[in-house]
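Trainee: Input structure: final_37.tsv, which contains TSV, C-alpha atoms and all ligand atoms.
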chain	number	residue	atom	x	y	z
A	4	MET	CA	92.60	55.20	36.12
A	5	LEU	CA	90.81	52.68	33.89
A	6	GLN	CA	92.29	49.38	32.91
A	7	CYS	CA	92.02	47.15	29.86
A	8	HIS	CA	90.02	44.02	30.59
A	9	VAL	CA	89.98	42.25	27.25
A	10	LYS	CA	90.19	38.51	27.85
A	11	GLY	CA	93.78	37.32	27.87
A	12	CYS	CA	95.17	40.86	28.00
A	13	ASN	CA	96.90	40.77	31.35
A	14	ALA	CA	100.33	42.34	30.99
A	15	ASN	CA	101.72	45.78	30.18
A	16	ASN	CA	98.22	47.13	29.75
A	17	PHE	CA	98.37	50.15	32.03
A	18	PRO	CA	98.02	53.03	31.68
A	19	LEU	CA	95.70	53.18	28.73
A	20	GLU	CA	97.08	55.69	26.28
A	21	LEU	CA	94.93	58.73	25.71
A	22	GLN	CA	94.53	59.85	22.11
A	23	GLU	CA	92.67	62.60	20.27
A	24	VAL	CA	91.62	64.08	23.57
A	25	VAL	CA	89.40	67.13	23.90
A	26	LEU	CA	89.47	68.60	27.39
A	27	GLU	CA	86.86	70.61	29.19
A	28	GLN	CA	87.22	72.82	32.27
A	29	GLU	CA	84.41	73.08	34.74
A	30	GLU	CA	84.62	75.12	37.88
A	31	ALA	CA	84.16	73.33	41.19
A	32	GLU	CA	84.32	74.50	44.75
A	33	MET	CA	87.68	73.78	46.37
A	34	ASN	CA	87.75	71.51	49.40
A	35	GLU	CA	91.17	71.21	51.06
A	36	ASP	CA	90.20	68.31	53.34
A	37	PHE	CA	89.16	66.25	50.35
A	38	LEU	CA	92.41	67.00	48.52
A	39	ARG	CA	94.48	66.01	51.55
A	40	ASN	CA	92.46	62.83	51.73
A	41	MET	CA	93.20	62.14	48.06
A	42	LEU	CA	96.94	62.60	48.53
A	43	THR	CA	97.08	59.19	50.13
A	44	LYS	CA	95.04	57.58	47.35
A	45	ILE	CA	96.50	58.87	44.11
A	46	GLU	CA	99.44	57.40	42.31
A	47	TYR	CA	101.23	60.65	41.81
A	48	ASP	CA	103.68	59.57	39.12
A	49	ALA	CA	100.91	58.12	36.97
A	50	LEU	CA	98.93	61.33	37.39
A	51	VAL	CA	101.84	63.51	36.33
A	52	ALA	CA	102.58	61.28	33.34
A	53	THR	CA	98.96	61.40	32.17
A	54	CYS	CA	98.84	65.17	32.58
A	55	LEU	CA	102.02	65.65	30.58
A	56	LYS	CA	100.53	63.66	27.70
A	57	LEU	CA	97.60	66.04	27.76
A	58	ASP	CA	99.89	69.09	27.77
A	59	ILE	CA	99.03	69.93	31.35
A	60	ASN	CA	102.43	70.93	32.73
A	61	ASP	CA	101.49	72.57	36.01
A	62	LEU	CA	102.10	69.70	38.41
A	63	PRO	CA	105.61	69.44	39.92
A	64	ALA	CA	107.44	66.24	38.98
A	65	ALA	CA	107.61	65.13	42.59
A	66	ILE	CA	105.01	65.61	45.27
A	67	PRO	CA	106.12	68.51	47.57
A	68	ALA	CA	107.11	67.48	51.08
A	69	ASP	CA	104.61	69.95	52.51
A	70	ALA	CA	101.91	68.97	49.99
A	71	ALA	CA	99.08	68.83	52.51
A	72	TYR	CA	99.58	72.50	53.47
A	73	ASN	CA	100.99	73.89	50.27
A	74	ASP	CA	98.14	76.09	48.99
A	75	GLU	CA	99.62	76.60	45.57
A	76	PHE	CA	100.06	72.86	45.09
A	77	LEU	CA	96.59	72.02	46.36
A	78	GLN	CA	95.15	74.59	43.98
A	79	ILE	CA	96.81	72.89	41.01
A	80	LEU	CA	95.73	69.47	42.22
A	81	HIS	CA	92.18	70.74	42.56
A	82	ARG	CA	92.19	72.04	39.02
A	83	VAL	CA	93.61	68.82	37.63
A	84	ILE	CA	91.50	66.22	39.41
A	85	LEU	CA	88.24	68.06	39.94
A	86	GLU	CA	87.96	70.70	37.26
A	87	THR	CA	89.56	69.10	34.22
A	88	HIS	CA	87.45	66.59	32.33
A	89	ILE	CA	88.01	64.61	29.17
A	90	LYS	CA	85.16	65.46	26.90
A	91	SER	CA	86.02	63.12	24.09
A	92	GLY	CA	88.83	60.98	22.80
A	93	LYS	CA	89.92	57.40	23.04
A	94	MET	CA	91.96	55.24	25.36
A	95	VAL	CA	94.17	52.70	23.65
A	96	CYS	CA	95.51	49.61	25.39
A	97	PRO	CA	99.32	49.58	25.06
A	98	ASN	CA	99.24	45.77	24.97
A	99	CYS	CA	96.31	44.60	22.81
A	100	GLN	CA	95.55	47.96	21.12
A	101	HIS	CA	91.89	47.80	22.05
A	102	ASN	CA	90.26	51.22	21.67
A	103	TYR	CA	87.93	52.44	24.36
A	104	ILE	CA	85.96	55.45	23.18
A	105	ILE	CA	85.14	58.48	25.31
A	106	ARG	CA	82.07	60.34	24.11
A	107	ASP	CA	80.09	63.11	25.85
A	108	GLY	CA	82.61	62.83	28.68
A	109	ILE	CA	81.71	59.16	29.27
A	110	PRO	CA	84.26	56.40	28.69
A	111	ASN	CA	82.77	53.24	27.24
A	112	MET	CA	84.49	50.18	28.70
A	113	LEU	CA	81.98	47.68	27.32
A	114	LEU	CA	83.41	44.87	25.25
A	115	ALA	CA	81.87	42.75	22.52
A	116	GLU	CA	80.86	39.20	23.48
A	117	HIS	CA	84.01	37.54	22.10
A	118	GLU	CA	86.34	39.89	24.01
A	119	VAL	CA	84.94	39.16	27.46
B	15	MET	CA	64.14	66.12	55.25
B	16	LEU	CA	66.45	66.47	52.30
B	17	PRO	CA	64.76	67.32	49.02
B	18	THR	CA	64.51	64.61	46.35
B	19	PRO	CA	66.90	65.43	43.47
B	20	ASP	CA	65.55	67.53	40.62
B	21	LEU	CA	64.79	65.19	37.70
B	22	SER	CA	62.68	67.65	35.72
B	23	HIS	CA	65.06	67.43	32.74
B	24	LEU	CA	64.08	63.77	32.22
B	25	LYS	CA	60.90	63.32	30.22
B	26	ARG	CA	58.41	60.50	29.68
B	27	LYS	CA	60.34	59.54	26.55
B	28	ASP	CA	63.60	59.13	28.50
B	29	TYR	CA	61.98	56.62	30.82
B	30	GLU	CA	61.30	54.34	27.87
B	31	PHE	CA	65.05	53.74	27.85
B	32	VAL	CA	66.14	54.42	31.41
B	33	TYR	CA	64.80	53.08	34.70
B	34	GLU	CA	62.39	55.56	36.23
B	35	PRO	CA	62.89	56.07	39.97
B	36	ALA	CA	60.37	53.90	41.78
B	37	GLU	CA	59.65	52.54	45.28
B	38	ASP	CA	63.03	50.81	45.45
B	39	THR	CA	64.83	54.03	44.53
B	40	PHE	CA	62.89	56.04	47.11
B	41	LEU	CA	63.49	53.49	49.85
B	42	PHE	CA	67.20	53.74	49.02
B	43	LEU	CA	67.03	57.54	49.43
B	44	ASP	CA	65.23	57.13	52.76
B	45	ALA	CA	67.90	54.70	53.90
B	46	PHE	CA	70.69	57.16	53.07
B	47	GLU	CA	68.80	59.86	54.88
B	48	ASP	CA	68.76	57.61	57.98
B	49	GLU	CA	72.47	57.05	57.47
B	50	VAL	CA	73.41	60.72	57.25
B	51	TYR	CA	75.31	60.70	60.50
B	52	PHE	CA	77.25	57.57	59.57
B	53	LEU	CA	78.06	58.94	56.10
B	54	LYS	CA	79.35	62.23	57.46
B	55	GLU	CA	81.55	60.39	59.94
B	56	LEU	CA	82.78	58.09	57.19
B	57	GLN	CA	83.95	61.06	55.09
B	58	PRO	CA	84.34	59.03	51.93
B	59	ALA	CA	87.02	60.23	49.51
B	60	ILE	CA	85.81	57.94	46.71
B	61	SER	CA	82.29	56.61	46.18
B	62	LEU	CA	80.89	54.28	43.54
B	63	GLU	CA	77.34	53.55	42.46
B	64	ILE	CA	76.81	50.53	40.23
B	65	GLY	CA	73.83	50.83	37.87
B	66	SER	CA	73.07	54.49	38.49
B	67	GLY	CA	70.16	54.64	35.99
B	68	SER	CA	68.61	58.11	36.19
B	69	GLY	CA	71.35	59.19	38.63
B	70	CYS	CA	68.80	60.02	41.29
B	71	VAL	CA	70.56	58.16	44.13
B	72	THR	CA	74.02	59.56	43.48
B	73	ALA	CA	72.66	63.10	43.20
B	74	PHE	CA	71.03	62.60	46.60
B	75	VAL	CA	74.14	61.10	48.20
B	76	GLY	CA	76.19	63.90	46.63
B	77	LYS	CA	74.03	66.46	48.41
B	78	ILE	CA	74.52	64.66	51.72
B	79	LEU	CA	78.30	64.56	51.32
B	80	GLY	CA	78.64	68.14	50.15
B	81	GLU	CA	80.34	69.66	47.16
B	82	SER	CA	83.90	68.64	46.25
B	83	SER	CA	84.21	66.38	49.26
B	84	CYS	CA	84.31	63.10	47.40
B	85	LEU	CA	85.16	61.73	43.96
B	86	LYS	CA	81.92	60.13	42.87
B	87	TYR	CA	81.97	57.38	40.27
B	88	CYS	CA	78.94	55.76	38.67
B	89	THR	CA	78.68	52.89	36.24
B	90	ASP	CA	75.84	51.65	34.10
B	91	ILE	CA	75.67	49.07	31.35
B	92	ASN	CA	73.02	51.10	29.52
B	93	PRO	CA	74.50	54.03	27.54
B	94	LYS	CA	71.26	56.00	27.84
B	95	ALA	CA	71.31	55.56	31.60
B	96	ALA	CA	74.91	56.81	31.69
B	97	ARG	CA	73.80	59.97	29.89
B	98	ALA	CA	70.77	60.37	32.14
B	99	THR	CA	73.04	60.18	35.19
B	100	GLN	CA	75.25	62.85	33.67
B	101	GLY	CA	72.27	65.12	33.06
B	102	THR	CA	70.99	64.61	36.59
B	103	ALA	CA	74.41	65.38	38.05
B	104	LYS	CA	74.51	68.67	36.11
B	105	GLN	CA	70.95	69.59	36.99
B	106	ASN	CA	71.65	69.07	40.69
B	107	LYS	CA	75.16	70.57	40.61
B	108	VAL	CA	76.83	67.41	41.80
B	109	SER	CA	80.03	66.35	40.06
B	110	VAL	CA	80.07	62.73	38.96
B	111	ASP	CA	82.38	60.62	36.79
B	112	ILE	CA	80.32	58.11	34.89
B	113	ILE	CA	81.59	55.05	33.07
B	114	GLU	CA	79.69	52.83	30.68
B	115	THR	CA	80.62	49.33	31.72
B	116	HIS	CA	79.51	45.93	32.96
B	117	LEU	CA	79.41	46.14	36.78
B	118	VAL	CA	82.92	47.38	37.58
B	119	SER	CA	84.91	46.09	34.59
B	120	GLY	CA	87.91	48.29	33.92
B	121	LEU	CA	88.01	49.73	37.45
B	122	LEU	CA	90.11	46.95	38.90
B	123	PRO	CA	92.84	46.76	39.96
B	124	ARG	CA	93.32	50.55	40.13
B	125	LEU	CA	90.49	51.08	42.58
B	126	GLU	CA	91.28	47.97	44.59
B	127	GLY	CA	90.65	48.71	48.27
B	128	GLN	CA	89.97	52.40	47.54
B	129	ILE	CA	86.20	52.76	47.67
B	130	ASP	CA	84.86	54.15	50.92
B	131	LEU	CA	81.21	54.12	49.94
B	132	MET	CA	79.59	51.84	47.39
B	133	TYR	CA	75.93	51.19	46.59
B	134	PHE	CA	73.86	49.23	44.09
B	135	ASN	CA	70.15	49.02	43.38
B	136	PRO	CA	70.53	45.95	41.17
B	137	PRO	CA	68.21	44.24	38.72
B	138	TYR	CA	66.53	41.98	41.28
B	139	VAL	CA	63.33	40.77	39.57
B	140	LEU	CA	62.93	37.03	38.99
B	141	THR	CA	63.05	36.41	35.23
B	142	PRO	CA	64.21	33.65	32.88
B	143	SER	CA	68.02	33.61	32.67
B	144	GLU	CA	67.90	34.53	28.97
B	145	GLU	CA	66.60	37.98	29.86
B	146	VAL	CA	69.74	38.86	31.82
B	147	GLY	CA	72.53	40.70	30.01
B	148	SER	CA	70.67	43.27	27.94
B	149	HIS	CA	72.19	46.74	27.50
B	150	SER	CA	68.87	48.54	27.38
B	151	VAL	CA	66.09	49.24	29.83
B	152	GLU	CA	65.37	45.54	30.55
B	153	ALA	CA	68.76	45.45	32.29
B	154	ALA	CA	67.16	47.57	35.00
B	155	TRP	CA	65.10	44.72	36.37
B	156	ALA	CA	65.97	41.35	34.78
B	157	GLY	CA	67.68	39.41	37.56
B	158	GLY	CA	67.35	35.81	36.31
B	159	ILE	CA	66.91	32.88	38.68
B	160	ASP	CA	65.83	34.07	42.12
B	161	GLY	CA	66.62	37.57	40.80
B	162	ARG	CA	70.15	36.77	41.93
B	163	GLU	CA	72.19	36.35	38.76
B	164	VAL	CA	73.58	39.90	38.56
B	165	ILE	CA	73.77	40.21	42.35
B	166	ASP	CA	75.76	36.98	42.67
B	167	GLU	CA	78.12	38.03	39.91
B	168	PHE	CA	78.77	41.26	41.78
B	169	LEU	CA	79.21	40.03	45.37
B	170	PRO	CA	82.85	38.84	44.99
B	171	TYR	CA	83.92	42.35	43.92
B	172	ILE	CA	82.83	43.94	47.17
B	173	LYS	CA	85.75	42.65	49.20
B	174	ARG	CA	88.15	43.75	46.49
B	175	LEU	CA	86.87	47.28	46.05
B	176	LEU	CA	85.94	48.45	49.53
B	177	SER	CA	88.52	50.23	51.63
B	178	VAL	CA	89.14	49.07	55.19
B	179	LYS	CA	86.55	51.48	56.55
B	180	GLY	CA	84.27	51.18	53.50
B	181	ALA	CA	80.53	50.49	53.52
B	182	PHE	CA	78.36	48.89	50.86
B	183	TYR	CA	74.58	49.28	50.54
B	184	MET	CA	72.28	47.22	48.33
B	185	VAL	CA	68.57	46.93	47.55
B	186	VAL	CA	67.09	43.42	47.55
B	187	VAL	CA	63.65	41.82	47.69
B	188	ASN	CA	62.49	38.87	49.74
B	189	GLU	CA	62.72	36.48	46.75
B	190	ASN	CA	66.46	37.23	46.50
B	191	LYS	CA	66.87	35.44	49.87
B	192	PRO	CA	68.53	38.25	51.82
B	193	ASP	CA	69.66	35.90	54.58
B	194	GLU	CA	71.55	33.78	52.10
B	195	ILE	CA	73.24	36.90	50.67
B	196	ARG	CA	74.23	37.99	54.18
B	197	GLU	CA	75.67	34.53	54.80
B	198	ILE	CA	77.77	34.68	51.61
B	199	MET	CA	79.07	38.09	52.65
B	200	LYS	CA	79.78	36.87	56.16
B	201	ASN	CA	82.11	34.27	54.68
B	202	ASP	CA	83.83	37.11	52.80
B	203	GLY	CA	84.40	38.89	56.12
B	204	PHE	CA	81.49	41.30	56.27
B	205	ASP	CA	78.99	42.16	58.98
B	206	SER	CA	75.58	43.05	57.68
B	207	SER	CA	72.47	44.81	58.86
B	208	VAL	CA	69.06	45.71	57.49
B	209	VAL	CA	68.85	49.50	57.32
B	210	LYS	CA	65.28	49.64	56.07
B	211	THR	CA	62.43	47.46	54.86
B	212	ARG	CA	59.19	48.33	53.16
B	213	LEU	CA	56.27	46.57	51.57
B	214	ALA	CA	55.64	48.04	48.11
B	215	GLY	CA	52.74	46.30	46.41
B	216	ARG	CA	53.76	42.65	46.28
B	217	GLU	CA	57.45	43.41	46.79
B	218	LYS	CA	59.08	43.27	50.17
B	219	LEU	CA	62.11	45.54	49.82
B	220	PHE	CA	65.20	45.53	52.03
B	221	ILE	CA	68.19	47.85	52.18
B	222	LEU	CA	71.19	45.83	53.31
B	223	LYS	CA	74.37	47.40	54.65
B	224	PHE	CA	77.77	45.68	54.78
B	225	VAL	CA	80.95	46.67	56.58
B	226	ARG	CA	84.08	44.67	57.20
B	227	THR	CA	84.04	42.61	60.36
B	228	ALA	CA	86.42	44.24	62.84
B	229	ALA	CA	89.56	42.13	63.11
A	301	LIG	C1	66.80	48.85	39.40
A	301	LIG	S1	67.72	49.92	38.31
A	301	LIG	C2	68.27	51.16	39.46
A	301	LIG	C3	68.54	52.50	38.83
A	301	LIG	C4	68.83	53.63	39.83
A	301	LIG	N1	70.06	53.39	40.57
A	301	LIG	C5	67.69	53.77	40.81
A	301	LIG	O1	67.84	53.40	41.96
A	301	LIG	O2	66.63	54.24	40.39
A	301	LIG	C6	69.20	48.96	37.94
A	301	LIG	C7	70.25	49.69	37.10
A	301	LIG	O3	71.39	48.83	36.96
A	301	LIG	C8	71.84	48.85	35.62
A	301	LIG	N2	72.52	47.56	35.37
A	301	LIG	C9	71.97	46.34	35.20
A	301	LIG	N3	72.89	45.41	35.01
A	301	LIG	C10	74.09	46.05	35.06
A	301	LIG	C11	75.44	45.62	34.91
A	301	LIG	N4	75.75	44.35	34.68
A	301	LIG	N5	76.43	46.55	35.00
A	301	LIG	C12	76.13	47.86	35.22
A	301	LIG	N6	74.87	48.31	35.37
A	301	LIG	C13	73.86	47.42	35.29
A	301	LIG	C14	70.60	49.06	34.80
A	301	LIG	O4	70.88	49.57	33.50
A	301	LIG	C15	69.80	50.02	35.68
A	301	LIG	O5	70.12	51.36	35.39
A	302	ZN	ZN	94.37	45.18	26.32
Render the structure in this file as structure tokens.
Mentor:
Amino acid sequence: MLQCHVKGCNANNFPLELQEVVLEQEEAEMNEDFLRNMLTKIEYDALVATCLKLDINDLPAAIPADAAYNDEFLQILHRVILETHIKSGKMVCPNCQHNYIIRDGIPNMLLAEHEV
Amino acid sequence: MLPTPDLSHLKRKDYEFVYEPAEDTFLFLDAFEDEVYFLKELQPAISLEIGSGSGCVTAFVGKILGESSCLKYCTDINPKAARATQGTAKQNKVSVDIIETHLVSGLLPRLEGQIDLMYFNPPYVLTPSEEVGSHSVEAAWAGGIDGREVIDEFLPYIKRLLSVKGAFYMVVVNENKPDEIREIMKNDGFDSSVVKTRLAGREKLFILKFVRTAA
């Protein structure tokens, strides 16, 4: 979801590559309307690719035609986007190699003065 | 009346490093309470608070919107504020994704045109320009010339981030020249209104609301 914004780093810089990731599961109430709403907003391929890197293999490679009313699919989507959190790790820019650190579940996108 | 979020986990010591909810914060909560009907109709899928500080406002908005109905993002430039927001989200059982960043750096272009609800209680106090740009508690108020330096840096992002139906709310004071801000936004294609005003000591506070002008 996040993007490198180091000055002059404008190409081939998405997605940031996740490394040394520690995941955390936290239960959340399921809301089908919200998930249906999200279907139009997410970039599904990018989501699947990110999940695979994190060894989350539950999502089908392509979005099911009946996604909005496919309970099993919505359940997986719910778990992935609402209940799975990155506790720590880093995000590395594939272009300029800048490391963005995630600590306590909070990504730090701040740059030093000379990088802005 | 909706209850004010539970902030009992934050202690005196925390407020040495993180902005303590004050009149501006509470006026913001009151404004959202007035806007309950609008917010429920809006049914935001993604919301974003810039400069969430203690996290009080997002916890409150989260309660209005209801659990799991919206992906809620917050940003703050102050790492301690980011952690305070996280604690407040937990305490009030509201799920929030918080990012330590300058305004919305790193969120574009992925969230371009995706935010249905956005709000900012910015550093609006008139200070010398040199005081702007800190990463600690001073960042909560230092607004530079006319208290507008951070506000003006942020305004151009609104048209990029808000979805077609999206709404943006912001706290300002009289010295920030609200009419001038509304004029700038008008040129960016936004209608504005004053949702609430209040006199708090010497400050005259306004809550401004912006939505895209209907084509
Ligand atoms: C007036 S306080 C409001 C805090 C909280 N939202 C409230 O209403 O009580 C302003 C907040 O904005 C944050 N802030 C200031 N400049 C910022 C920037 N450039 N990017 C992100 N956050 C910033 C401050 O750290 C502070 O938490
Ligand atoms: Zn980069």
Trainee: Enumerate as an NGL selection string the residues within 6 Å of ligand LIG 301 (chain A), counting all atoms listed in the file.
Mentor: :B and (33 or 35 or 39 or 64-68 or 71 or 89-92 or 95 or 115-117 or 135-137 or 153-155)
Trainee: List as number ranges by chain the protein and nucleic acid residues lying within 12 Å of ligand ZN 302 (chain A), with all atoms listed in the file counted.
Mentor: A: 5-20, 94-103, 112, 114, 118-119; B: 120
Trainee: Once you count all atoms listed in the file, which residues of chain B turn out to be within 12 Å of chain A? Could you give them as number ranges by chain?
Mentor: B: 57-60, 79-101, 104, 107-130, 147-149, 177
Trainee: For Arg162 of chain B, find every residue with an atom within 9 Å (counting all atoms listed in the file), except residues of its own chain fewer than 5 positions away, and show them as a list in words.
Mentor: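 Listing them by chain and then by number gives Pro137, Tyr138, Val139, Leu140, Gly157, Glu167, Glu189, Asn190 and Lys191 of chain B.
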Trainee: Quick one, how far is atom CA of Lys218 of chain B from atom CA of Ile195 of chain B?
Mentor: 15.5 Å
Trainee: Would you mind listing what lies within 10 Å of Glu37 of chain B as a list of chain:residue names, with all atoms listed in the file counted and same-chain residues fewer than 4 positions away left out?
Mentor: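 Contacts, with the query itself left out: B:Leu41, B:Phe42, B:Leu43, B:Arg212, B:Leu213, B:Ala214, B:Gly215, B:Glu217, B:Leu219.
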Trainee: Between atom CA of Tyr183 of chain B and atom CA of Thr18 of chain B, measure the distance and give it in Å to one decimal.
Mentor: 18.8 Å
Trainee: One decimal, in Å: what's the spacing between atom CA of Tyr133 of chain B and atom CA of Asp28 of chain B?
Mentor: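 If I compute the distance from atom CA of Tyr133 of chain B to atom CA of Asp28 of chain B, I get 23.3 Å.
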Trainee: My list of candidates is A:Leu42, A:Val83, A:Glu116, A:Ala49. Which is closest to Asp61 of chain A when distances are computed with only C-alpha atoms?
Mentor: A:Val83
Trainee: Can you list, as an NGL selection string, every protein, DNA or RNA residue that comes within 8 Å of Lys179 of chain B when you count all atoms listed in the file, leaving out same-chain residues fewer than 6 positions away?
Mentor: :B and (56 or 130 or 225-226)
Trainee: Please produce an output containing C-alpha atoms for each residue in the selection, written as a JSON list (two decimals), keeping the file's coordinate frame.
Mentor:
[["chain", "number", "residue", "atom", "x", "y", "z"],
["B", 56, "LEU", "CA", 82.78, 58.09, 57.19],
["B", 130, "ASP", "CA", 84.86, 54.15, 50.92],
["B", 225, "VAL", "CA", 80.95, 46.67, 56.58],
["B", 226, "ARG", "CA", 84.08, 44.67, 57.20]]
Trainee: Do a neighbour search on Ile221 of chain B at 7 Å with all atoms listed in the file, toss out local chain neighbours closer than 5 positions, and write the hits as a PyMOL selection string.
Mentor: chain B and resi 42+183-186+208-211
Trainee: Produce the centre coordinates and the three edge lengths, each in Å to one decimal, of the box along x, y and z that contains all listed atoms of segment 89-104 of chain B with 6 Å added on each side, as lines of an AutoDock Vina configuration file.
Mentor:
center_x = 74.7
center_y = 58.9
center_z = 32.8
size_x = 19.9
size_y = 31.6
size_z = 22.5
Trainee: Using only C-alpha atoms, which residue out of A:Thr43, A:Cys54, A:Pro67, A:Asp48 lies closest to Leu21 of chain A?
Mentor: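 Using only C-alpha atoms, the shortest distance to Leu21 of chain A belongs to A:Cys54.
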